[in-house]
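Heads up: the structure comes next, in structure tokens.
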Amino acid sequence: MKLTFWRLGVLTIVLGAMPLLAQTSNTPTRRKAKAGTVPAASQQDVRALRDVVAAQQKQIETQSQQVQQLQDQLKQVLDSVQQANANAEKVQGGADQAQATAAQAQQSATEAQRLATQASAAAADAKTTVAQADQTLVKRMQGVESSLKKVGPFAFSGDFRLRDEPFFGGPADQSQVRNRERFRLRFNANAKLNDDINGGFTLASGDINDPISTNQTTNQFYTRKAIAIDKAFINYNPHQFKALTLTGGKFAYPWYNTELTWDKDLNPEGMAQTLAFDLESVPVLKRIALVGFELPFSEVAGTTLTNKSIVQSAVYGGQLQTGWRLASWLKLTAYSGFYNYHNADPIALATGKANLKNPTTPLVGTLPLNATGLQNSVLTTTATGVVTVAGQPISTGVKTITNAQFASKFGLFDSIARFDVETPYKRWPITLIGDYVQNTEACANIVNLQPTPANTSTSTFSQSLSAPCNSRERRAYWAESRFGRLQEKGDWQFAYTRMFIEREAVMSVFNASDIRQGSNVSQHRAEVMYQALNNVQLAFTGFLGRPLNFGKTTPPEDILQRYQFDVIYKF
């Protein structure tokens, strides 16, 4: 824009000077014309002057044309400047309009922000109202649920499990192959009577003569199923000495164990005492407890004429428990226990009377264990009935079991270590459990085995030992690992357990009921569990096991595959 105005000034000066130049060039001519006669020499000068004037006139014409061109250019420049000014005015007007529009937009944005703030506040209020309504509804539902689950001092709970269970492999005669449906129903009632006393009871489904299972198999022609007392107990925990707890009745285990020694469905009977101290102020050792128990399981009356007193069979024992915080993410709990079976032979006799053709429906008062359930060495005495015909004894062929005795006594030393590992992921803790059991009295009952009674005129007797008792077969091992938890909806847990149980290591009628057999067995267990809802759980368990083949020349039995598909509902 500055360059344009400079050019305009130069052109104006040039145009102003042109008339003066024209006037100066014409003046000598006018003066000579008035003088009259001019000399010849002067005529030449005049002609030369005329030529100069003509040349100058021509130059002036050329310059005039150039000036005209410059004037035209100037006019174009002026028009351009005018148009530019007009455009500038338009632009300025547009800018003013845009500025006004921007101001209006800013004002609108401010108003929108204010409305958004009000809307956000209203939404927050609405969310708070909804949350309060939800909390109120949850509290009401919890109140209704609580009122349904609690009556007076009693609080109620329970669970129902539906299971499909196929079997594959096992003995060559396929005697273990089957596919069955089972269910389990349990109902719990617990009460706190005062600050010192609490107790409760549990009703459960299942065969009332089977202490290690509450499962009910659907194979009894749609008959009504039994519900029996599975627990009935009372605890005394004096407020003057909270470290002490006394328990009596039929109760859950007050000591820690794995299914290497005790099935999880078995609830022992008798008395137990627990003395526990929490040591939070101690740097590493956080808890120490001592548990004692006396668990009677049978009574047998004497048969001699001079002694018919009733002798009781029982398990006596105790366990030392310690809890350790090794790191902020690592906890160790250690357990050392001893189980002493006093007068255990009635167990061998009870299992010997089971009906092997239908082991789940035994004679009254016997343990319904199948032919492979009891694997400890047992000496069995049988009698065959004899009748006299024409003075001659004749066998009836009917056999009965008159006596059965274990070749071993059972004094089990049990050591357990459990590690709980907290990972960076709350839903994925790790648990590792190791259990080692040794029967300190393997084959110690051989000296007490009764000889075969002398034959009489009414019966004949025979004896057989189920397996030679080898005192070296006295140990059992358990290694378990778990990954995950089952607390909230969406939780998963994966687990694997390896079991190795020699023949005389444990009392094989009271340990895990789902493995191939109670002892003399090598067993694997794999589990996958999913918490579908807070009170609904889906589970899969696979058991792979077979008997040990110590000292045998025959090939080992095929692996028995047992799979369980469970749906569990808790209420």
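Within each chain, counting starts at residue 1; across the structure tokens, chains are named A, B, ... in the order shown, with ligands numbered 1 upward in that order.
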
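Once A:Tyr477 and its same-chain neighbours fewer than 5 positions away are set aside, A:Asp435, A:Tyr436, A:Met499, A:Phe500 remain within 6 Å of it when counting only C-alpha atoms.
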
Any chance you could export the current selection's N, CA and C atoms as a short mmCIF file (atom, residue, chain, number, x, y, z; two decimals), in the first residue's frame?
```
data_model
loop_
_atom_site.label_atom_id
_atom_site.label_comp_id
_atom_site.auth_asym_id
_atom_site.auth_seq_id
_atom_site.Cartn_x
_atom_site.Cartn_y
_atom_site.Cartn_z
N ASP A 435 1.05 -82.10 53.34
CA ASP A 435 0.64 -82.91 54.48
C ASP A 435 1.41 -84.24 54.44
N TYR A 436 1.99 -84.57 55.58
CA TYR A 436 2.73 -85.83 55.71
C TYR A 436 2.19 -86.58 56.91
N MET A 499 -1.92 -87.17 45.71
CA MET A 499 -1.99 -88.00 46.91
C MET A 499 -1.27 -89.33 46.67
N PHE A 500 -0.57 -89.77 47.71
CA PHE A 500 0.11 -91.07 47.66
C PHE A 500 -0.03 -91.67 49.05
#
```

I'd like the neighbourhood of A:Thr452 as an mmCIF file with N, CA and C atoms, in the first residue's frame, where a residue qualifies if any of its atoms comes within 12 Å (using only C-alpha atoms), though same-chain residues fewer than 2 positions away should be ignored.
```
data_model
loop_
_atom_site.group_PDB
_atom_site.id
_atom_site.type_symbol
_atom_site.label_atom_id
_atom_site.label_comp_id
_atom_site.auth_asym_id
_atom_site.auth_seq_id
_atom_site.Cartn_x
_atom_site.Cartn_y
_atom_site.Cartn_z
ATOM 1 N N LEU A 379 -7.752 -109.237 59.248
ATOM 2 C CA LEU A 379 -7.948 -110.676 59.398
ATOM 3 C C LEU A 379 -9.432 -110.927 59.634
ATOM 4 N N THR A 380 -10.060 -111.678 58.739
ATOM 5 C CA THR A 380 -11.500 -111.931 58.811
ATOM 6 C C THR A 380 -11.742 -113.397 59.168
ATOM 7 N N THR A 381 -12.644 -113.604 60.131
ATOM 8 C CA THR A 381 -13.022 -114.960 60.553
ATOM 9 C C THR A 381 -14.448 -115.212 60.111
ATOM 10 N N THR A 382 -14.640 -116.279 59.352
ATOM 11 C CA THR A 382 -15.980 -116.617 58.858
ATOM 12 C C THR A 382 -16.394 -117.982 59.405
ATOM 13 N N ALA A 383 -17.707 -118.162 59.528
ATOM 14 C CA ALA A 383 -18.264 -119.436 60.009
ATOM 15 C C ALA A 383 -19.290 -119.917 59.010
ATOM 16 N N THR A 402 -17.863 -113.709 61.715
ATOM 17 C CA THR A 402 -17.964 -113.702 63.167
ATOM 18 C C THR A 402 -16.989 -112.734 63.821
ATOM 19 N N ASN A 403 -15.911 -112.392 63.117
ATOM 20 C CA ASN A 403 -14.941 -111.483 63.713
ATOM 21 C C ASN A 403 -14.071 -110.902 62.598
ATOM 22 N N ALA A 404 -13.562 -109.677 62.836
ATOM 23 C CA ALA A 404 -12.618 -109.048 61.915
ATOM 24 C C ALA A 404 -11.718 -108.152 62.735
ATOM 25 N N LEU A 449 -4.188 -110.750 67.231
ATOM 26 C CA LEU A 449 -5.161 -111.419 66.363
ATOM 27 C C LEU A 449 -5.600 -112.742 66.995
ATOM 28 N N GLN A 450 -6.904 -112.938 67.019
ATOM 29 C CA GLN A 450 -7.461 -114.127 67.651
ATOM 30 C C GLN A 450 -7.365 -115.326 66.714
ATOM 31 N N ALA A 454 -12.150 -123.395 67.699
ATOM 32 C CA ALA A 454 -12.208 -124.839 67.430
ATOM 33 C C ALA A 454 -13.549 -125.183 66.810
ATOM 34 N N ASN A 455 -13.525 -126.170 65.917
ATOM 35 C CA ASN A 455 -14.770 -126.575 65.265
ATOM 36 C C ASN A 455 -15.743 -127.168 66.284
ATOM 37 N N THR A 456 -16.981 -126.934 66.017
ATOM 38 C CA THR A 456 -18.038 -127.526 66.843
ATOM 39 C C THR A 456 -18.947 -128.326 65.946
ATOM 40 N N THR A 460 -18.350 -124.542 61.177
ATOM 41 C CA THR A 460 -16.918 -124.624 60.898
ATOM 42 C C THR A 460 -16.404 -123.213 60.663
ATOM 43 N N PHE A 461 -15.131 -122.986 60.979
ATOM 44 C CA PHE A 461 -14.562 -121.639 60.896
ATOM 45 C C PHE A 461 -13.371 -121.630 59.933
ATOM 46 N N SER A 462 -13.144 -120.412 59.361
ATOM 47 C CA SER A 462 -11.944 -120.192 58.542
ATOM 48 C C SER A 462 -11.510 -118.744 58.707
ATOM 49 N N GLN A 463 -10.231 -118.497 58.473
ATOM 50 C CA GLN A 463 -9.692 -117.152 58.594
ATOM 51 C C GLN A 463 -8.923 -116.789 57.334
ATOM 52 N N SER A 464 -8.936 -115.479 57.011
ATOM 53 C CA SER A 464 -8.151 -115.009 55.865
ATOM 54 C C SER A 464 -7.701 -113.581 56.132
#
```

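You will find atom CA of A:Phe494 at 15.1 Å from atom CA of A:Tyr425.
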
- Query: Which residues, written as a PyMOL selection string, have at least one atom at most 10 Å from A:Pro211, with only C-alpha atoms counted and residues fewer than 6 positions away on the same chain left out?
  - Reply: chain A and resi 230+263+265-268+367-368+509-510+513

Write out the residues from the selection above, keeping N, CA, C and O atoms, as a PDB file, in the first residue's frame.
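Generated file (result22.pdb):
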```pdb
ATOM      1  N   ASP A 230     -26.664 -84.080  61.090  1.00  0.00           N
ATOM      2  CA  ASP A 230     -25.270 -84.135  60.678  1.00  0.00           C
ATOM      3  C   ASP A 230     -24.364 -83.439  61.693  1.00  0.00           C
ATOM      4  O   ASP A 230     -23.196 -83.811  61.838  1.00  0.00           O
ATOM      5  N   ASP A 263     -12.234 -87.152  55.991  1.00  0.00           N
ATOM      6  CA  ASP A 263     -13.082 -86.660  54.914  1.00  0.00           C
ATOM      7  C   ASP A 263     -13.764 -85.354  55.330  1.00  0.00           C
ATOM      8  O   ASP A 263     -14.143 -85.179  56.498  1.00  0.00           O
ATOM      9  N   ASP A 265     -16.680 -84.305  54.758  1.00  0.00           N
ATOM     10  CA  ASP A 265     -18.095 -84.446  55.120  1.00  0.00           C
ATOM     11  C   ASP A 265     -18.296 -85.119  56.465  1.00  0.00           C
ATOM     12  O   ASP A 265     -19.425 -85.189  56.960  1.00  0.00           O
ATOM     13  N   LEU A 266     -17.237 -85.653  57.060  1.00  0.00           N
ATOM     14  CA  LEU A 266     -17.370 -86.317  58.350  1.00  0.00           C
ATOM     15  C   LEU A 266     -17.364 -85.286  59.476  1.00  0.00           C
ATOM     16  O   LEU A 266     -16.528 -84.382  59.497  1.00  0.00           O
ATOM     17  N   ASN A 267     -18.293 -85.411  60.396  1.00  0.00           N
ATOM     18  CA  ASN A 267     -18.331 -84.573  61.591  1.00  0.00           C
ATOM     19  C   ASN A 267     -18.164 -85.476  62.812  1.00  0.00           C
ATOM     20  O   ASN A 267     -19.039 -86.288  63.114  1.00  0.00           O
ATOM     21  N   PRO A 268     -17.046 -85.362  63.526  1.00  0.00           N
ATOM     22  CA  PRO A 268     -16.784 -86.269  64.654  1.00  0.00           C
ATOM     23  C   PRO A 268     -17.713 -85.985  65.831  1.00  0.00           C
ATOM     24  O   PRO A 268     -18.377 -84.951  65.898  1.00  0.00           O
ATOM     25  N   LEU A 367     -21.089-100.108  58.305  1.00  0.00           N
ATOM     26  CA  LEU A 367     -20.612 -99.019  57.458  1.00  0.00           C
ATOM     27  C   LEU A 367     -20.784 -99.390  55.989  1.00  0.00           C
ATOM     28  O   LEU A 367     -20.304-100.449  55.555  1.00  0.00           O
ATOM     29  N   PRO A 368     -21.456 -98.548  55.209  1.00  0.00           N
ATOM     30  CA  PRO A 368     -21.716 -98.883  53.793  1.00  0.00           C
ATOM     31  C   PRO A 368     -20.545 -98.530  52.900  1.00  0.00           C
ATOM     32  O   PRO A 368     -20.606 -97.632  52.075  1.00  0.00           O
ATOM     33  N   VAL A 509     -11.130 -95.882  56.242  1.00  0.00           N
ATOM     34  CA  VAL A 509     -12.582 -95.749  56.112  1.00  0.00           C
ATOM     35  C   VAL A 509     -13.055 -94.329  56.422  1.00  0.00           C
ATOM     36  O   VAL A 509     -14.219 -93.999  56.186  1.00  0.00           O
ATOM     37  N   PHE A 510     -12.173 -93.467  56.957  1.00  0.00           N
ATOM     38  CA  PHE A 510     -12.589 -92.130  57.358  1.00  0.00           C
ATOM     39  C   PHE A 510     -11.950 -91.007  56.540  1.00  0.00           C
ATOM     40  O   PHE A 510     -12.272 -89.845  56.746  1.00  0.00           O
ATOM     41  N   SER A 513     -13.545 -89.688  50.599  1.00  0.00           N
ATOM     42  CA  SER A 513     -14.494 -90.670  50.089  1.00  0.00           C
ATOM     43  C   SER A 513     -14.515 -90.750  48.574  1.00  0.00           C
ATOM     44  O   SER A 513     -15.035 -91.726  48.014  1.00  0.00           O
TER      45      SER A 513
END
```

- Task: Select from stretch 142-391 of chain A everything DSSP, run on the backbone, classes as alpha helix (DSSP H), then give the selection as a PyMOL selection string.
- Result: chain A and resi 142-149+345-352

- Mind checking which residues fall within 9 Å of A:Phe410, counting only C-alpha atoms, ignoring those fewer than 4 positions away in the same chain, and posting them as a PyMOL selection string? chain A and resi 339-342+344+439-444+504-507

Write a file of the selected residues as a compact mmCIF listing (two decimals), in the first residue's frame, keeping N, CA, C and O atoms.
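Saved to result_25.txt:
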```
# COMPACT_ATOMS: atom_id res chain seq x y z
N TYR A 339 -3.25 -88.64 66.14
CA TYR A 339 -4.55 -89.30 66.29
C TYR A 339 -4.30 -90.74 66.73
O TYR A 339 -3.70 -91.53 65.99
N ASN A 340 -4.80 -91.07 67.89
CA ASN A 340 -4.62 -92.41 68.43
C ASN A 340 -5.97 -93.13 68.46
O ASN A 340 -6.87 -92.77 69.21
N TYR A 341 -6.09 -94.17 67.61
CA TYR A 341 -7.32 -94.97 67.56
C TYR A 341 -7.23 -96.06 68.64
O TYR A 341 -6.41 -96.99 68.54
N HIS A 342 -8.08 -95.94 69.63
CA HIS A 342 -8.11 -96.92 70.72
C HIS A 342 -9.19 -97.95 70.43
O HIS A 342 -10.35 -97.62 70.27
N ALA A 344 -9.70 -100.16 67.67
CA ALA A 344 -10.27 -99.85 66.36
C ALA A 344 -10.92 -101.03 65.67
O ALA A 344 -11.59 -100.87 64.65
N ASN A 439 1.96 -93.65 60.20
CA ASN A 439 1.36 -94.50 61.22
C ASN A 439 2.48 -95.11 62.06
O ASN A 439 3.24 -95.97 61.59
N THR A 440 2.58 -94.67 63.28
CA THR A 440 3.67 -95.12 64.16
C THR A 440 3.44 -96.54 64.69
O THR A 440 4.33 -97.10 65.34
N GLU A 441 2.24 -97.13 64.41
CA GLU A 441 1.93 -98.46 64.94
C GLU A 441 1.51 -99.41 63.82
O GLU A 441 0.64 -100.26 64.01
N ALA A 442 2.10 -99.26 62.66
CA ALA A 442 1.78 -100.16 61.56
C ALA A 442 2.12 -101.60 61.92
O ALA A 442 3.20 -101.89 62.45
N CYS A 443 1.17 -102.51 61.69
CA CYS A 443 1.31 -103.96 61.93
C CYS A 443 1.49 -104.31 63.42
O CYS A 443 1.85 -105.44 63.75
N ALA A 444 1.20 -103.36 64.33
CA ALA A 444 1.42 -103.61 65.75
C ALA A 444 0.32 -104.45 66.38
O ALA A 444 0.47 -104.90 67.53
N GLU A 504 -0.97 -99.12 55.18
CA GLU A 504 -1.20 -99.02 56.62
C GLU A 504 -1.04 -97.58 57.14
O GLU A 504 -0.98 -97.35 58.34
N ALA A 505 -0.99 -96.60 56.23
CA ALA A 505 -0.65 -95.23 56.64
C ALA A 505 -1.77 -94.55 57.42
O ALA A 505 -1.50 -93.81 58.37
N VAL A 506 -3.02 -94.76 57.05
CA VAL A 506 -4.15 -94.05 57.66
C VAL A 506 -5.29 -95.02 57.90
O VAL A 506 -5.29 -96.14 57.39
N MET A 507 -6.29 -94.57 58.68
CA MET A 507 -7.53 -95.32 58.81
C MET A 507 -8.35 -95.06 57.55
O MET A 507 -8.95 -94.01 57.37
```

- Message: Using only C-alpha atoms for the distances, tell me which of A:Arg161, A:Arg114, A:Arg418, A:Lys231 is nearest to A:Asn257.
- Response: A:Arg418

- Message: To test your reading of the structure, identify every residue in stretch 265-480 of chain A that backbone DSSP assigns to strand (DSSP E), and report it as a PyMOL selection string.
- Response: chain A and resi 269-278+285-301+310-327+330-342+378-389+392-406+410-421+430-439+459-465+475-480

Export C-alpha atoms of the chosen residues as a tab-separated table (two decimals), in the first residue's frame?
```tsv
chain	number	residue	atom	x	y	z
A	269	GLU	CA	-18.60	-86.83	67.95
A	270	GLY	CA	-17.40	-86.32	71.49
A	271	MET	CA	-15.55	-83.48	73.20
A	272	ALA	CA	-12.89	-80.98	72.13
A	273	GLN	CA	-10.91	-78.25	73.86
A	274	THR	CA	-9.17	-75.31	72.19
A	275	LEU	CA	-6.74	-72.90	73.82
A	276	ALA	CA	-5.75	-70.14	71.36
A	277	PHE	CA	-3.73	-66.94	71.72
A	278	ASP	CA	-3.41	-64.16	69.16
A	285	LEU	CA	4.67	-65.37	65.30
A	286	LYS	CA	1.04	-64.22	65.14
A	287	ARG	CA	-0.96	-67.09	66.66
A	288	ILE	CA	-0.46	-70.20	68.73
A	289	ALA	CA	-3.15	-72.71	69.72
A	290	LEU	CA	-3.48	-76.15	71.26
A	291	VAL	CA	-6.43	-78.41	70.46
A	292	GLY	CA	-7.33	-81.62	72.28
A	293	PHE	CA	-10.16	-84.05	71.48
A	294	GLU	CA	-11.78	-87.27	72.65
A	295	LEU	CA	-13.98	-88.88	69.99
A	296	PRO	CA	-15.82	-92.14	70.86
A	297	PHE	CA	-17.15	-94.05	67.84
A	298	SER	CA	-18.22	-97.52	69.05
A	299	GLU	CA	-19.10	-99.71	72.02
A	300	VAL	CA	-18.55	-103.47	72.22
A	301	ALA	CA	-19.84	-105.74	74.97
A	310	ILE	CA	-19.01	-102.66	77.52
A	311	VAL	CA	-15.71	-101.50	76.05
A	312	GLN	CA	-15.60	-98.16	74.24
A	313	SER	CA	-13.67	-97.38	71.08
A	314	ALA	CA	-12.45	-93.82	70.59
A	315	VAL	CA	-9.94	-91.53	68.92
A	316	TYR	CA	-7.80	-89.51	71.31
A	317	GLY	CA	-5.47	-86.83	70.12
A	318	GLY	CA	-4.38	-83.24	69.88
A	319	GLN	CA	-2.85	-80.67	67.58
A	320	LEU	CA	-0.41	-77.79	68.00
A	321	GLN	CA	-1.18	-74.85	65.70
A	322	THR	CA	1.04	-71.87	64.88
A	323	GLY	CA	0.56	-68.93	62.53
A	324	TRP	CA	3.49	-66.96	61.09
A	325	ARG	CA	3.69	-63.71	59.09
A	326	LEU	CA	6.92	-64.21	57.13
A	327	ALA	CA	6.40	-61.14	54.94
A	330	LEU	CA	3.40	-64.36	52.79
A	331	LYS	CA	1.74	-66.22	55.66
A	332	LEU	CA	2.65	-69.66	57.01
A	333	THR	CA	0.45	-71.81	59.24
A	334	ALA	CA	1.92	-75.02	60.64
A	335	TYR	CA	0.06	-77.89	62.32
A	336	SER	CA	1.41	-80.94	64.15
A	337	GLY	CA	-1.12	-83.47	65.39
A	338	PHE	CA	-1.50	-87.02	66.64
A	339	TYR	CA	-4.55	-89.30	66.29
A	340	ASN	CA	-4.62	-92.41	68.43
A	341	TYR	CA	-7.32	-94.97	67.56
A	342	HIS	CA	-8.11	-96.92	70.72
A	378	VAL	CA	-7.69	-107.14	58.04
A	379	LEU	CA	-7.95	-110.68	59.40
A	380	THR	CA	-11.50	-111.93	58.81
A	381	THR	CA	-13.02	-114.96	60.55
A	382	THR	CA	-15.98	-116.62	58.86
A	383	ALA	CA	-18.26	-119.44	60.01
A	384	THR	CA	-20.24	-121.83	57.87
A	385	GLY	CA	-23.48	-123.14	59.32
A	386	VAL	CA	-23.85	-126.88	59.96
A	387	VAL	CA	-26.99	-128.92	60.65
A	388	THR	CA	-27.18	-132.48	61.90
A	389	VAL	CA	-29.09	-134.99	59.77
A	392	GLN	CA	-24.33	-136.57	60.79
A	393	PRO	CA	-23.21	-132.88	60.56
A	394	ILE	CA	-24.02	-131.39	57.16
A	395	SER	CA	-22.90	-127.95	55.99
A	396	THR	CA	-25.63	-125.50	55.03
A	397	GLY	CA	-23.29	-123.44	52.88
A	398	VAL	CA	-24.37	-120.21	54.62
A	399	LYS	CA	-21.39	-118.15	55.74
A	400	THR	CA	-21.31	-115.38	58.30
A	401	ILE	CA	-18.51	-113.08	59.48
A	402	THR	CA	-17.96	-113.70	63.17
A	403	ASN	CA	-14.94	-111.48	63.71
A	404	ALA	CA	-12.62	-109.05	61.92
A	405	GLN	CA	-9.44	-107.43	63.21
A	406	PHE	CA	-6.92	-104.97	61.83
A	410	PHE	CA	-3.33	-96.66	64.28
A	411	GLY	CA	-1.31	-93.95	65.96
A	412	LEU	CA	-1.08	-91.31	63.23
A	413	PHE	CA	1.47	-88.51	63.36
A	414	ASP	CA	0.25	-85.74	61.06
A	415	SER	CA	2.27	-82.66	60.01
A	416	ILE	CA	0.80	-79.94	57.79
A	417	ALA	CA	2.28	-76.74	56.37
A	418	ARG	CA	0.18	-74.16	54.55
A	419	PHE	CA	1.49	-71.12	52.68
A	420	ASP	CA	-0.87	-68.27	51.71
A	421	VAL	CA	0.63	-65.92	49.12
A	430	ILE	CA	-2.01	-68.60	45.84
A	431	THR	CA	-2.33	-71.36	48.44
A	432	LEU	CA	0.14	-74.24	48.86
A	433	ILE	CA	-0.52	-77.12	51.29
A	434	GLY	CA	1.70	-80.04	52.19
A	435	ASP	CA	0.64	-82.91	54.48
A	436	TYR	CA	2.73	-85.83	55.71
A	437	VAL	CA	1.27	-88.70	57.76
A	438	GLN	CA	3.01	-91.66	59.35
A	439	ASN	CA	1.36	-94.50	61.22
A	459	SER	CA	-20.33	-124.73	62.50
A	460	THR	CA	-16.92	-124.62	60.90
A	461	PHE	CA	-14.56	-121.64	60.90
A	462	SER	CA	-11.94	-120.19	58.54
A	463	GLN	CA	-9.69	-117.15	58.59
A	464	SER	CA	-8.15	-115.01	55.87
A	465	LEU	CA	-5.92	-111.95	55.90
A	475	ARG	CA	3.40	-93.28	55.08
A	476	ALA	CA	1.08	-90.95	53.19
A	477	TYR	CA	1.73	-87.72	51.29
A	478	TRP	CA	-0.47	-84.84	50.16
A	479	ALA	CA	0.55	-81.87	47.95
A	480	GLU	CA	-2.10	-79.29	47.09
```
